[in-house]
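Chemist: Just run33.tsv, nothing more (TSV, C-alpha atoms):
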```tsv
chain	number	residue	atom	x	y	z
T	367	MET	CA	-24.64	25.21	-0.50
T	368	THR	CA	-21.54	25.72	1.59
T	369	ILE	CA	-17.95	25.62	0.39
T	370	GLY	CA	-17.38	22.43	2.39
T	371	PHE	CA	-20.26	20.67	0.63
T	372	ALA	CA	-19.03	21.80	-2.78
T	373	LEU	CA	-15.54	20.55	-1.96
T	374	ASP	CA	-16.84	17.19	-0.73
T	375	SER	CA	-18.98	16.74	-3.83
T	376	ALA	CA	-16.06	17.59	-6.10
T	377	ILE	CA	-13.82	15.07	-4.30
T	378	ALA	CA	-16.54	12.40	-4.43
T	379	VAL	CA	-17.02	12.87	-8.18
T	380	LEU	CA	-13.26	12.81	-8.74
T	381	VAL	CA	-12.82	9.61	-6.70
T	382	VAL	CA	-15.44	7.80	-8.75
T	383	ALA	CA	-14.08	9.19	-12.03
T	384	VAL	CA	-10.48	8.24	-11.26
T	385	SER	CA	-11.48	4.76	-10.12
T	386	CYS	CA	-13.44	4.20	-13.34
T	387	TRP	CA	-10.47	5.46	-15.35
T	388	THR	CA	-8.16	3.09	-13.48
T	389	ILE	CA	-10.36	0.12	-14.35
T	390	ILE	CA	-10.72	1.12	-18.00
T	391	ALA	CA	-7.01	1.91	-18.58
T	392	ARG	CA	-5.52	-0.80	-20.82
T	393	ALA	CA	-1.83	-0.35	-20.04
T	394	SER	CA	-0.88	-1.56	-16.56
T	395	PHE	CA	1.47	1.40	-16.01
T	396	ALA	CA	-1.37	3.86	-16.64
T	397	ALA	CA	-3.65	1.85	-14.35
T	398	VAL	CA	-1.07	2.04	-11.54
T	399	VAL	CA	-0.77	5.80	-11.98
T	400	GLY	CA	-4.56	5.97	-11.74
T	401	PHE	CA	-4.51	3.83	-8.62
T	402	VAL	CA	-1.97	6.10	-6.93
T	403	SER	CA	-4.04	9.22	-7.73
T	404	PHE	CA	-7.10	7.36	-6.46
T	405	GLY	CA	-5.26	6.72	-3.17
T	406	LEU	CA	-4.30	10.36	-2.81
T	407	LEU	CA	-7.89	11.44	-3.44
T	408	LEU	CA	-9.03	8.90	-0.85
T	409	THR	CA	-6.56	10.51	1.56
T	410	LEU	CA	-8.41	13.80	1.04
T	411	VAL	CA	-11.69	12.01	1.75
T	412	TRP	CA	-10.34	10.71	5.08
T	413	VAL	CA	-9.07	14.17	5.98
T	414	ARG	CA	-12.52	15.58	5.24
T	415	LEU	CA	-13.99	12.88	7.53
T	416	ASP	CA	-11.57	13.99	10.29
T	417	ALA	CA	-9.89	10.58	10.26
T	418	VAL	CA	-6.34	11.88	10.01
T	419	ASP	CA	-4.81	8.59	11.19
T	420	VAL	CA	-6.48	6.72	8.36
T	421	ALA	CA	-5.53	9.49	5.92
T	422	LEU	CA	-1.86	9.18	6.88
T	423	THR	CA	-1.99	5.41	6.48
T	424	GLU	CA	-3.79	5.65	3.15
T	425	ALA	CA	-1.24	8.12	1.79
T	426	ALA	CA	1.75	6.16	3.07
T	427	ILE	CA	0.67	2.57	2.46
T	428	GLY	CA	-2.46	2.50	0.32
T	429	SER	CA	-1.13	4.96	-2.20
T	430	GLY	CA	2.62	5.22	-1.74
T	431	LEU	CA	3.87	1.77	-0.87
T	432	THR	CA	1.24	-0.26	-2.71
T	433	GLY	CA	1.70	2.06	-5.69
T	434	ALA	CA	5.43	1.37	-5.71
T	435	LEU	CA	4.80	-2.39	-5.41
T	436	LEU	CA	2.37	-2.28	-8.34
T	437	LEU	CA	4.79	-0.16	-10.40
T	438	ALA	CA	7.50	-2.75	-9.84
T	439	ALA	CA	5.05	-5.49	-10.86
T	440	ALA	CA	4.02	-3.53	-13.97
T	441	ALA	CA	7.66	-3.06	-14.94
T	442	ARG	CA	8.25	-6.81	-14.55
T	443	LEU	CA	5.19	-7.63	-16.68
T	444	ARG	CA	6.11	-5.19	-19.43
T	445	THR	CA	7.66	-7.82	-21.68
T	446	SER	CA	4.51	-9.93	-21.77
T	447	GLU	CA	2.04	-7.07	-21.78
T	448	PHE	CA	1.69	-6.72	-25.54
T	449	ALA	CA	0.87	-10.38	-25.92
T	450	THR	CA	-1.80	-10.31	-23.21
T	451	GLN	CA	-3.32	-7.12	-24.61
T	452	ALA	CA	-3.70	-8.68	-28.02
T	453	GLU	CA	-5.74	-11.52	-26.54
T	454	ARG	CA	-9.43	-10.82	-26.24
T	455	PRO	CA	-11.36	-12.93	-23.76
T	456	SER	CA	-14.49	-14.60	-25.09
T	457	MET	CA	-17.83	-12.81	-24.90
T	458	ALA	CA	-19.21	-15.29	-22.36
T	459	LEU	CA	-16.25	-14.73	-20.02
T	460	ARG	CA	-16.62	-10.97	-20.27
T	461	VAL	CA	-20.34	-11.07	-19.57
T	462	ALA	CA	-19.74	-13.40	-16.60
T	463	THR	CA	-17.05	-11.06	-15.22
T	464	ALA	CA	-19.29	-8.02	-15.62
T	465	LEU	CA	-22.16	-9.81	-13.89
T	466	LEU	CA	-19.97	-10.93	-11.02
T	467	SER	CA	-18.53	-7.42	-10.51
T	468	ALA	CA	-21.97	-5.84	-10.72
T	469	THR	CA	-23.32	-8.31	-8.15
T	470	ALA	CA	-20.43	-7.61	-5.77
T	471	THR	CA	-20.97	-3.86	-6.14
T	472	ALA	CA	-24.71	-4.21	-5.60
T	473	ALA	CA	-24.14	-6.37	-2.51
T	474	LEU	CA	-21.73	-3.81	-1.06
T	475	ALA	CA	-24.10	-0.94	-1.80
T	476	GLY	CA	-26.97	-2.93	-0.30
T	477	ALA	CA	-24.99	-3.66	2.85
T	478	LEU	CA	-24.15	0.02	3.15
T	479	PHE	CA	-27.75	1.18	2.77
T	480	LEU	CA	-29.15	-1.52	5.07
T	481	LEU	CA	-26.89	-0.48	7.97
T	482	PRO	CA	-28.99	0.26	11.06
T	483	SER	CA	-29.13	3.92	11.97
T	484	PRO	CA	-27.37	4.84	14.18
T	485	ALA	CA	-24.74	2.28	13.18
T	486	PRO	CA	-23.54	0.01	16.00
T	487	THR	CA	-20.34	1.47	17.37
T	488	LEU	CA	-17.79	0.77	20.05
T	489	ALA	CA	-16.49	4.34	19.92
T	490	PRO	CA	-18.12	5.45	23.22
T	491	ALA	CA	-16.66	2.39	24.97
T	492	ALA	CA	-13.22	3.15	23.54
T	493	ALA	CA	-13.48	6.78	24.60
T	494	ALA	CA	-14.70	5.85	28.09
T	495	ASN	CA	-11.68	3.60	28.69
T	496	ALA	CA	-9.14	5.94	27.10
T	497	GLY	CA	-7.57	6.65	30.48
T	498	ALA	CA	-6.53	3.04	30.97
T	499	THR	CA	-3.43	3.29	28.77
T	500	GLY	CA	-2.16	6.82	29.35
T	501	LEU	CA	-2.22	7.56	25.62
T	502	GLY	CA	-4.10	10.52	24.17
T	503	ASN	CA	-4.73	9.18	20.67
T	504	PRO	CA	-7.84	6.97	20.63
T	505	VAL	CA	-6.72	5.25	17.41
T	506	THR	CA	-3.44	4.13	18.98
T	507	ASN	CA	-5.43	2.96	22.01
T	508	VAL	CA	-7.57	0.75	19.85
T	509	LEU	CA	-4.67	-0.54	17.76
T	510	ILE	CA	-2.23	-1.36	20.51
T	511	ALA	CA	-4.45	-2.02	23.52
T	512	PHE	CA	-8.13	-2.73	22.85
T	513	ARG	CA	-7.63	-4.67	19.62
T	514	ALA	CA	-3.98	-5.60	20.16
T	515	MET	CA	-4.60	-9.13	18.89
T	516	ASP	CA	-5.53	-7.84	15.42
T	517	THR	CA	-2.47	-5.63	15.24
T	518	MET	CA	-0.18	-8.46	16.29
T	519	LEU	CA	-1.63	-10.82	13.70
T	520	GLU	CA	-1.25	-8.07	11.10
T	521	LYS	CA	2.47	-8.05	11.76
T	522	VAL	CA	2.58	-11.82	11.38
T	523	VAL	CA	0.78	-11.50	8.05
T	524	LEU	CA	3.37	-8.95	6.89
T	525	LEU	CA	6.11	-11.39	7.80
T	526	LEU	CA	4.35	-14.21	5.93
T	527	ALA	CA	4.05	-11.95	2.88
T	528	LEU	CA	7.79	-11.38	2.95
T	529	VAL	CA	8.42	-15.12	3.29
T	530	GLY	CA	6.14	-15.57	0.28
T	531	VAL	CA	8.19	-13.07	-1.75
T	532	TRP	CA	11.45	-14.68	-0.72
T	533	SER	CA	10.20	-18.11	-1.61
T	534	LEU	CA	10.13	-16.99	-5.26
T	535	ALA	CA	13.93	-17.08	-5.23
T	536	SER	CA	15.68	-20.02	-6.85
T	537	ASP	CA	17.58	-22.35	-4.51
T	538	ARG	CA	20.92	-21.03	-5.72
T	539	PHE	CA	20.14	-17.48	-4.62
T	540	TRP	CA	18.51	-18.32	-1.29
T	541	GLY	CA	19.91	-15.99	1.35
T	542	GLY	CA	21.44	-13.68	-1.24
T	543	PRO	CA	20.59	-10.03	-1.79
T	544	PRO	CA	17.66	-8.87	-3.99
T	545	SER	CA	18.55	-7.30	-7.31
T	546	PRO	CA	19.46	-3.61	-7.25
T	547	LEU	CA	16.31	-1.52	-7.62
T	548	ARG	CA	17.80	0.57	-10.39
T	549	GLY	CA	20.86	0.82	-12.58
T	550	ALA	CA	22.97	2.58	-9.97
T	551	ASN	CA	23.44	6.13	-11.16
T	552	THR	CA	25.13	7.39	-8.04
T	553	GLU	CA	26.05	10.84	-9.33
T	554	GLY	CA	22.55	11.71	-10.48
T	555	PRO	CA	19.90	13.93	-8.91
T	556	LEU	CA	18.34	10.89	-7.23
T	557	ALA	CA	21.51	10.25	-5.24
T	558	PHE	CA	21.55	13.93	-4.26
T	559	LEU	CA	17.94	13.68	-3.10
T	560	ALA	CA	18.69	10.48	-1.18
T	561	ARG	CA	21.61	12.06	0.67
T	562	LEU	CA	19.66	15.22	1.48
T	563	LEU	CA	16.28	13.73	2.30
T	564	THR	CA	17.18	10.60	4.25
T	565	PRO	CA	18.33	12.27	7.51
T	566	LEU	CA	15.23	14.46	7.40
T	567	GLY	CA	12.97	11.51	6.62
T	568	ILE	CA	14.35	9.49	9.52
T	569	VAL	CA	13.60	12.36	11.90
T	570	VAL	CA	10.08	12.73	10.47
T	571	GLY	CA	9.47	8.97	10.70
T	572	ILE	CA	10.47	8.85	14.37
T	573	TYR	CA	8.51	12.04	15.04
T	574	ILE	CA	5.34	10.51	13.58
T	575	LEU	CA	5.85	7.38	15.68
T	576	TRP	CA	6.37	9.49	18.81
T	577	GLU	CA	3.43	11.78	18.11
T	578	GLY	CA	1.25	8.71	17.58
T	579	ALA	CA	0.79	8.45	21.34
T	580	ASP	CA	-1.29	11.61	21.55
T	581	HIS	CA	-1.92	12.79	17.97
T	582	PRO	CA	-2.53	11.16	14.59
T	583	GLY	CA	0.45	9.00	13.66
T	584	GLY	CA	1.97	5.81	14.93
T	585	ALA	CA	4.09	2.78	14.20
T	586	PHE	CA	2.70	1.96	10.77
T	587	GLN	CA	2.96	5.47	9.33
T	588	GLY	CA	6.37	6.13	10.89
T	589	GLY	CA	7.65	2.73	9.78
T	590	THR	CA	6.49	3.33	6.21
T	591	ILE	CA	8.40	6.62	6.07
T	592	LEU	CA	11.54	4.89	7.35
T	593	ALA	CA	11.03	2.15	4.75
T	594	ALA	CA	10.67	4.80	2.04
T	595	MET	CA	13.95	6.39	3.10
T	596	TRP	CA	15.78	3.07	2.95
T	597	LEU	CA	14.25	2.35	-0.46
T	598	LEU	CA	15.36	5.78	-1.67
T	599	LEU	CA	18.92	4.94	-0.59
T	600	MET	CA	18.72	1.59	-2.40
T	601	MET	CA	17.16	3.03	-5.56
T	602	SER	CA	19.76	5.78	-5.84
T	603	GLY	CA	22.59	3.31	-5.38
T	604	VAL	CA	23.82	5.04	-2.21
T	605	ALA	CA	23.19	1.83	-0.26
T	606	ASN	CA	23.00	-1.77	-1.45
T	607	ALA	CA	20.16	-4.14	-0.74
T	608	PRO	CA	21.30	-6.43	2.08
T	609	ALA	CA	21.80	-10.17	1.75
T	610	THR	CA	18.68	-11.79	3.16
T	611	ARG	CA	20.66	-14.42	5.06
T	612	PHE	CA	22.00	-11.96	7.65
T	613	ARG	CA	20.96	-13.09	11.09
T	614	SER	CA	20.63	-9.53	12.42
T	615	LEU	CA	18.30	-8.62	9.56
T	616	ARG	CA	16.08	-11.62	10.21
T	617	LEU	CA	16.11	-10.82	13.91
T	618	VAL	CA	14.76	-7.34	13.19
T	619	LEU	CA	12.09	-8.89	10.95
T	620	ILE	CA	10.71	-11.10	13.70
T	621	SER	CA	11.35	-8.79	16.64
T	622	GLY	CA	8.08	-6.86	16.23
T	623	PRO	CA	5.69	-9.83	16.49
T	624	MET	CA	8.05	-11.50	19.01
T	625	VAL	CA	8.05	-8.59	21.46
T	626	PHE	CA	4.29	-8.30	21.05
T	627	LEU	CA	3.87	-12.01	21.74
T	628	VAL	CA	6.22	-12.03	24.75
T	629	ILE	CA	4.47	-9.05	26.35
T	630	GLY	CA	1.10	-10.64	25.52
T	631	LEU	CA	2.11	-13.91	27.18
T	632	GLY	CA	3.39	-11.87	30.12
T	633	GLY	CA	-0.15	-10.58	30.56
T	634	LEU	CA	-1.35	-14.16	30.70
T	635	TRP	CA	1.34	-15.10	33.21
T	636	LEU	CA	0.46	-12.18	35.46
T	637	GLY	CA	-2.97	-13.70	35.70
T	638	GLU	CA	-5.11	-11.33	33.68
T	639	ALA	CA	-5.42	-12.25	30.03
T	640	PHE	CA	-3.39	-12.64	26.85
T	641	LEU	CA	-2.21	-9.16	25.78
T	642	ALA	CA	-3.56	-7.51	28.93
T	643	TYR	CA	-1.03	-4.93	30.07
T	644	PRO	CA	-0.58	-4.34	33.81
T	645	VAL	CA	-2.13	-0.89	34.25
T	646	ALA	CA	0.91	0.62	35.98
T	647	TYR	CA	3.20	-0.31	33.07
T	648	ALA	CA	0.75	0.08	30.22
T	649	LYS	CA	2.33	3.14	28.65
T	650	PRO	CA	5.99	2.04	28.76
T	651	LEU	CA	5.05	-1.41	27.46
T	652	ILE	CA	3.05	0.10	24.59
T	653	LEU	CA	5.97	2.38	23.73
T	654	VAL	CA	8.37	-0.59	23.62
T	655	ILE	CA	5.98	-2.51	21.35
T	656	GLU	CA	5.52	0.51	19.07
T	657	PHE	CA	9.25	1.19	18.75
T	658	VAL	CA	10.17	-2.39	17.93
T	659	MET	CA	7.20	-2.68	15.60
T	660	THR	CA	8.19	0.46	13.72
T	661	LEU	CA	11.60	-1.02	13.03
T	662	THR	CA	10.11	-4.35	11.92
T	663	ILE	CA	7.54	-2.63	9.71
T	664	ALA	CA	10.20	-0.43	8.09
T	665	VAL	CA	12.50	-3.35	7.28
T	666	THR	CA	9.67	-5.67	6.19
T	667	LEU	CA	8.09	-3.14	3.85
T	668	ALA	CA	11.41	-2.15	2.30
T	669	LEU	CA	12.37	-5.79	1.71
T	670	LEU	CA	8.90	-6.56	0.30
T	671	LEU	CA	9.57	-3.93	-2.34
T	672	ALA	CA	13.13	-5.01	-2.93
T	673	GLY	CA	11.78	-8.39	-4.03
T	674	PRO	CA	13.13	-11.94	-3.92
T	675	PRO	CA	16.88	-12.61	-3.73
T	676	THR	CA	18.36	-12.76	-7.23
T	677	ARG	CA	22.07	-12.97	-6.57
T	678	GLU	CA	24.23	-15.52	-4.85
T	679	ALA	CA	25.08	-14.85	-1.25
T	680	SER	CA	28.75	-14.02	-0.93
T	681	ARG	CA	30.43	-16.22	1.63
P	515	MET	CA	-4.17	45.30	10.57
P	516	SER	CA	-6.01	42.04	10.09
P	517	ILE	CA	-7.86	43.33	7.01
P	518	VAL	CA	-4.49	44.13	5.41
P	519	LEU	CA	-3.20	40.64	6.20
P	520	ASP	CA	-6.41	39.01	4.95
P	521	THR	CA	-6.24	40.98	1.71
P	522	PHE	CA	-2.62	39.89	1.32
P	523	THR	CA	-3.65	36.25	1.87
P	524	VAL	CA	-6.43	36.41	-0.69
P	525	LEU	CA	-4.17	38.07	-3.26
P	526	ALA	CA	-1.26	35.69	-2.78
P	527	VAL	CA	-3.41	32.53	-2.75
P	528	THR	CA	-5.24	33.73	-5.86
P	529	GLY	CA	-1.87	34.29	-7.51
P	530	GLY	CA	-0.85	30.78	-6.49
P	531	LEU	CA	-4.05	29.31	-7.90
P	532	PHE	CA	-3.38	31.15	-11.16
P	533	PHE	CA	-0.02	29.43	-11.47
P	534	PHE	CA	-1.61	26.06	-10.72
P	535	LEU	CA	-4.21	26.69	-13.41
P	536	ALA	CA	-1.54	27.83	-15.88
P	537	GLY	CA	0.58	24.79	-15.01
P	538	THR	CA	-2.36	22.44	-15.55
P	539	VAL	CA	-3.26	24.03	-18.88
P	540	GLY	CA	0.38	23.77	-19.91
P	541	LEU	CA	0.53	20.13	-18.85
P	542	LEU	CA	-2.49	19.36	-20.99
P	543	ARG	CA	-1.67	21.52	-24.01
P	544	PHE	CA	2.13	21.62	-24.45
P	545	PRO	CA	3.50	19.46	-27.24
P	546	ASP	CA	6.37	17.42	-25.69
P	547	PRO	CA	7.49	16.04	-22.31
P	548	LEU	CA	10.14	18.70	-21.61
P	549	THR	CA	7.79	21.67	-22.09
P	550	ARG	CA	5.09	19.88	-20.10
P	551	LEU	CA	7.57	19.40	-17.27
P	552	HIS	CA	8.42	23.08	-17.48
P	553	ALA	CA	4.75	23.96	-17.01
P	554	LEU	CA	4.36	21.48	-14.16
P	555	THR	CA	7.33	22.71	-12.16
P	556	LYS	CA	6.01	26.28	-12.31
P	557	ALA	CA	2.87	25.10	-10.54
P	558	ASP	CA	4.88	23.32	-7.82
P	559	ASN	CA	7.31	26.12	-7.44
P	560	LEU	CA	5.52	29.43	-7.78
P	561	GLY	CA	1.95	28.20	-7.26
P	562	LEU	CA	2.60	26.41	-3.99
P	563	GLY	CA	5.11	29.10	-3.00
P	564	LEU	CA	2.54	31.87	-3.33
P	565	ILE	CA	-0.11	29.83	-1.49
P	566	VAL	CA	2.30	29.18	1.37
P	567	LEU	CA	3.30	32.86	1.41
P	568	GLY	CA	-0.35	33.84	1.51
P	569	LEU	CA	-1.12	31.44	4.36
P	570	LEU	CA	1.82	32.57	6.51
P	571	PRO	CA	-0.04	35.54	8.08
P	572	GLN	CA	-2.92	33.18	8.96
P	573	THR	CA	-0.82	30.93	11.20
P	574	ASN	CA	-1.05	31.65	14.90
P	575	ALA	CA	2.21	30.05	16.00
P	576	PRO	CA	5.74	30.31	14.56
P	577	VAL	CA	5.90	26.49	14.43
P	578	GLY	CA	2.93	26.43	12.06
P	579	ALA	CA	4.58	28.94	9.75
P	580	LEU	CA	7.79	26.93	9.86
P	581	LYS	CA	5.95	23.72	8.96
P	582	LEU	CA	4.36	25.46	5.95
P	583	LEU	CA	7.77	26.66	4.77
P	584	VAL	CA	9.33	23.22	5.25
P	585	ALA	CA	6.46	21.64	3.31
P	586	TRP	CA	7.11	24.05	0.44
P	587	LEU	CA	10.86	23.39	0.49
P	588	LEU	CA	10.30	19.62	0.49
P	589	VAL	CA	7.93	19.84	-2.45
P	590	GLN	CA	10.52	21.99	-4.24
P	591	LEU	CA	13.21	19.41	-3.58
P	592	SER	CA	11.16	16.41	-4.69
P	593	GLY	CA	9.65	18.32	-7.63
P	594	ALA	CA	13.04	19.38	-8.92
P	595	THR	CA	14.46	15.88	-8.57
P	596	ILE	CA	11.51	14.18	-10.25
P	597	ALA	CA	11.59	16.74	-13.07
P	598	GLN	CA	15.27	15.97	-13.64
P	599	LEU	CA	14.66	12.23	-13.66
P	600	ILE	CA	11.70	12.42	-16.04
P	601	ALA	CA	13.56	14.83	-18.30
P	602	ARG	CA	16.54	12.45	-18.52
P	603	GLU	CA	14.26	9.55	-19.41
P	604	ALA	CA	12.41	11.71	-21.95
P	605	ARG	CA	15.63	12.88	-23.59
P	606	ARG	CA	16.86	9.32	-23.94
P	607	GLY	CA	13.81	8.51	-26.06
P	608	MET	CA	14.16	11.60	-28.26
P	609	PRO	CA	16.11	11.89	-31.53
P	610	GLN	CA	19.33	13.74	-30.73
P	611	ALA	CA	19.27	17.21	-32.29
```
Before anything else, please render the file you have as structure tokens.
Modeler:
Amino acid sequence: MTIGFALDSAIAVLVVAVSCWTIIARASFAAVVGFVSFGLLLTLVWVRLDAVDVALTEAAIGSGLTGALLLAAAARLRTSEFATQAERPSMALRVATALLSATATAALAGALFLLPSPAPTLAPAAAANAGATGLGNPVTNVLIAFRAMDTMLEKVVLLLALVGVWSLASDRFWGGPPSPLRGANTEGPLAFLARLLTPLGIVVGIYILWEGADHPGGAFQGGTILAAMWLLLMMSGVANAPATRFRSLRLVLISGPMVFLVIGLGGLWLGEAFLAYPVAYAKPLILVIEFVMTLTIAVTLALLLAGPPTREASR
Amino acid sequence: MSIVLDTFTVLAVTGGLFFFLAGTVGLLRFPDPLTRLHALTKADNLGLGLIVLGLLPQTNAPVGALKLLVAWLLVQLSGATIAQLIAREARRGMPQA
């Protein structure tokens, strides 16, 4: 038994244990804490599988950002939590739920074990065509070039999610700023951290975006770090959440999918296919898309967390 | 030379692991939030510090060593801030002595 195997086994046991704990936990706050630890353990799993890109995304989005979203939701539900905990669903409902979950788990496990061996893969094709884009990171190649359609639609989905959050605002507050994320305690340690960490975080975010061309990293991870920095500024009261009616803000929100779409249509116009980059300009075009997308992702994610507008827009 | 450096690494990392273990035991066993925080920050601070110190001779480029140090400093910064925030919240819920 090697050290690597022991480590992998320990992580596997921990992942299962933490996920069980997360499901069993009664208080939603505790469950969210469990979910975040689960995400960090999953990050370790991806690192052990040599999928550093996925690990970065899991840590930034799966654990960090989703964790923060769930924490905010748990805080909002706190007032009604006691009442819902006192209710006990009927036995029949509980049995039905257990059966349904068990069936889903069994189906997933079955699908996993019935996979043909070796599993069908497009990895050799992706590796063979890696030279076409001038990028060294195969994951970025797949995301921005080979499966660009998926990535573009992902951005549209993000935008729709934000529209969904905004639509929770009452008519009066439409276009106004979201509520402050915390009682602004500007002289506290959080404000100190925000002032010290933000410049560093911006550099790291852009670095991860830039490195994404040839090493693990990219627009999503870099954008999430930028979003986190902006959220830190908003939470510490150093910066205020912006009014959602600002035209420049909305322009940034749509610029990512827009640029993607325009370049994609350009490929069609040049006679090849939708989202086909002319080979000579592939790398610069991809860089433009990634930069604009990073900005859009950062702003979208931060505003998703900031929540619906709750104050009147000042005229 | 390398055996000296390797010995140093093993000693320092073991020391770091000791602080992590002590911090974890403290987190589980200490009676109230403030003492638990105290135990936790020792693990962040000294535990990670010793591990980073021990790994420094194993890096083959100055940039790698610098990254390790920056990682430690960032953990220090966030750890100290979070400890302050949690401690403030904990004190608010406590009877004033």
Chemist: Please, which residues of chain T lie no more than 12 Å from chain P when the count uses all atoms listed in the file, and can they be set out as an mmCIF file with C-alpha atoms, in the coordinates of the input?
Modeler:
```cif
data_model
loop_
_atom_site.group_PDB
_atom_site.id
_atom_site.type_symbol
_atom_site.label_atom_id
_atom_site.label_comp_id
_atom_site.auth_asym_id
_atom_site.auth_seq_id
_atom_site.Cartn_x
_atom_site.Cartn_y
_atom_site.Cartn_z
ATOM 1 C CA ASN T 551 23.440 6.130 -11.160
ATOM 2 C CA GLY T 554 22.550 11.710 -10.480
ATOM 3 C CA PRO T 555 19.900 13.930 -8.910
ATOM 4 C CA LEU T 556 18.340 10.890 -7.230
ATOM 5 C CA ALA T 557 21.510 10.250 -5.240
ATOM 6 C CA PHE T 558 21.550 13.930 -4.260
ATOM 7 C CA LEU T 559 17.940 13.680 -3.100
ATOM 8 C CA ALA T 560 18.690 10.480 -1.180
ATOM 9 C CA ARG T 561 21.610 12.060 0.670
ATOM 10 C CA LEU T 562 19.660 15.220 1.480
ATOM 11 C CA LEU T 563 16.280 13.730 2.300
ATOM 12 C CA THR T 564 17.180 10.600 4.250
ATOM 13 C CA LEU T 566 15.230 14.460 7.400
ATOM 14 C CA GLY T 567 12.970 11.510 6.620
ATOM 15 C CA VAL T 570 10.080 12.730 10.470
ATOM 16 C CA LEU T 598 15.360 5.780 -1.670
ATOM 17 C CA SER T 602 19.760 5.780 -5.840
#
```
Chemist: Set the distance at 12 Å and use all atoms listed in the file: which residues neighbour segment 605-607 of chain P once local chain neighbours fewer than 3 positions away are removed? I'd like the list as a ChimeraX atom specification.
Modeler: /P:546-549,597-602,610-611
Chemist: Between P:Phe534, P:Leu551, P:Pro545, P:Gly578, which one has atoms that come closest to Gly563 of chain P, using only C-alpha atoms?
Modeler: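 Checking each of P:Phe534, P:Leu551, P:Pro545, P:Gly578 against Gly563 of chain P, counting only C-alpha atoms, the winner is P:Phe534.
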Chemist: Neighbours of segment 531-538 of chain T within 6 Å (only C-alpha atoms; same-chain residues fewer than 2 positions away dropped), as JSON, numbers by chain?
Modeler: {"T": [528, 529, 540, 674, 675]}
Chemist: In Å, how far is it from atom CA of Thr499 of chain T to atom CA of Val645 of chain T?
Modeler: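 For atom CA of Thr499 of chain T relative to atom CA of Val645 of chain T, the distance reads 7.0 Å.
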Chemist: Measure the distance from atom CA of Phe522 of chain P to atom CA of Leu564 of chain P in Å and round it to one decimal.
Modeler: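 Answer for the atom CA of Phe522 of chain P to atom CA of Leu564 of chain P separation: 10.6 Å.
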Chemist: Kindly indicate which residue among T:Ile377, T:Ala511, T:Leu634, T:Ile652 lies nearest to Leu410 of chain T, using all atoms listed in the file for the distances.
Modeler: T:Ile377
Chemist: With all atoms listed in the file as the basis for distance, which of T:Val654, T:Phe371, T:Ala668, T:Phe626 is at the shortest distance from Ala514 of chain T?
Modeler: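 When distances to Ala514 of chain T are compared using all atoms listed in the file, the smallest one comes from T:Phe626.
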Chemist: So the first atom is atom CA of Asp520 of chain P and the second is atom CA of Gly370 of chain T; what is the distance between them in Å, to one decimal place?
Modeler: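 Going from atom CA of Asp520 of chain P over to atom CA of Gly370 of chain T covers 20.0 Å.
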Chemist: Got a sec: who's within 9 Å of Gly578 of chain T, counting only C-alpha atoms, leaving out chain neighbours fewer than 2 positions off, as a ChimeraX atom specification?
Modeler: /T:419,501-503,505-506,573-576,580-585,588
Chemist: Take every atom of segment 664-674 of chain T listed in the file, fit an axis-aligned box around them, add 5 Å per side, and give the centre and edge lengths in Å to one decimal as AutoDock Vina command-line options.
Modeler:
```
--center_x 10.6 --center_y -6.2 --center_z 2.0 --size_x 15.0 --size_y 21.5 --size_z 22.1
```
Chemist: For Arg513 of chain T, work out the shell of residues within 12 Å, counting all atoms listed in the file and skipping chain neighbours fewer than 5 positions away, then give it as a PyMOL selection string.
Modeler: chain T and resi 488+492+504-508+518-520+640-642
Chemist: Can you write out the residues you just picked, keeping C-alpha atoms, as a tab-separated table (two decimals), in the coordinates of the input?
Modeler:
```
chain	number	residue	atom	x	y	z
T	488	LEU	CA	-17.79	0.77	20.05
T	492	ALA	CA	-13.22	3.15	23.54
T	504	PRO	CA	-7.84	6.97	20.63
T	505	VAL	CA	-6.72	5.25	17.41
T	506	THR	CA	-3.44	4.13	18.98
T	507	ASN	CA	-5.43	2.96	22.01
T	508	VAL	CA	-7.57	0.75	19.85
T	518	MET	CA	-0.18	-8.46	16.29
T	519	LEU	CA	-1.63	-10.82	13.70
T	520	GLU	CA	-1.25	-8.07	11.10
T	640	PHE	CA	-3.39	-12.64	26.85
T	641	LEU	CA	-2.21	-9.16	25.78
T	642	ALA	CA	-3.56	-7.51	28.93
```
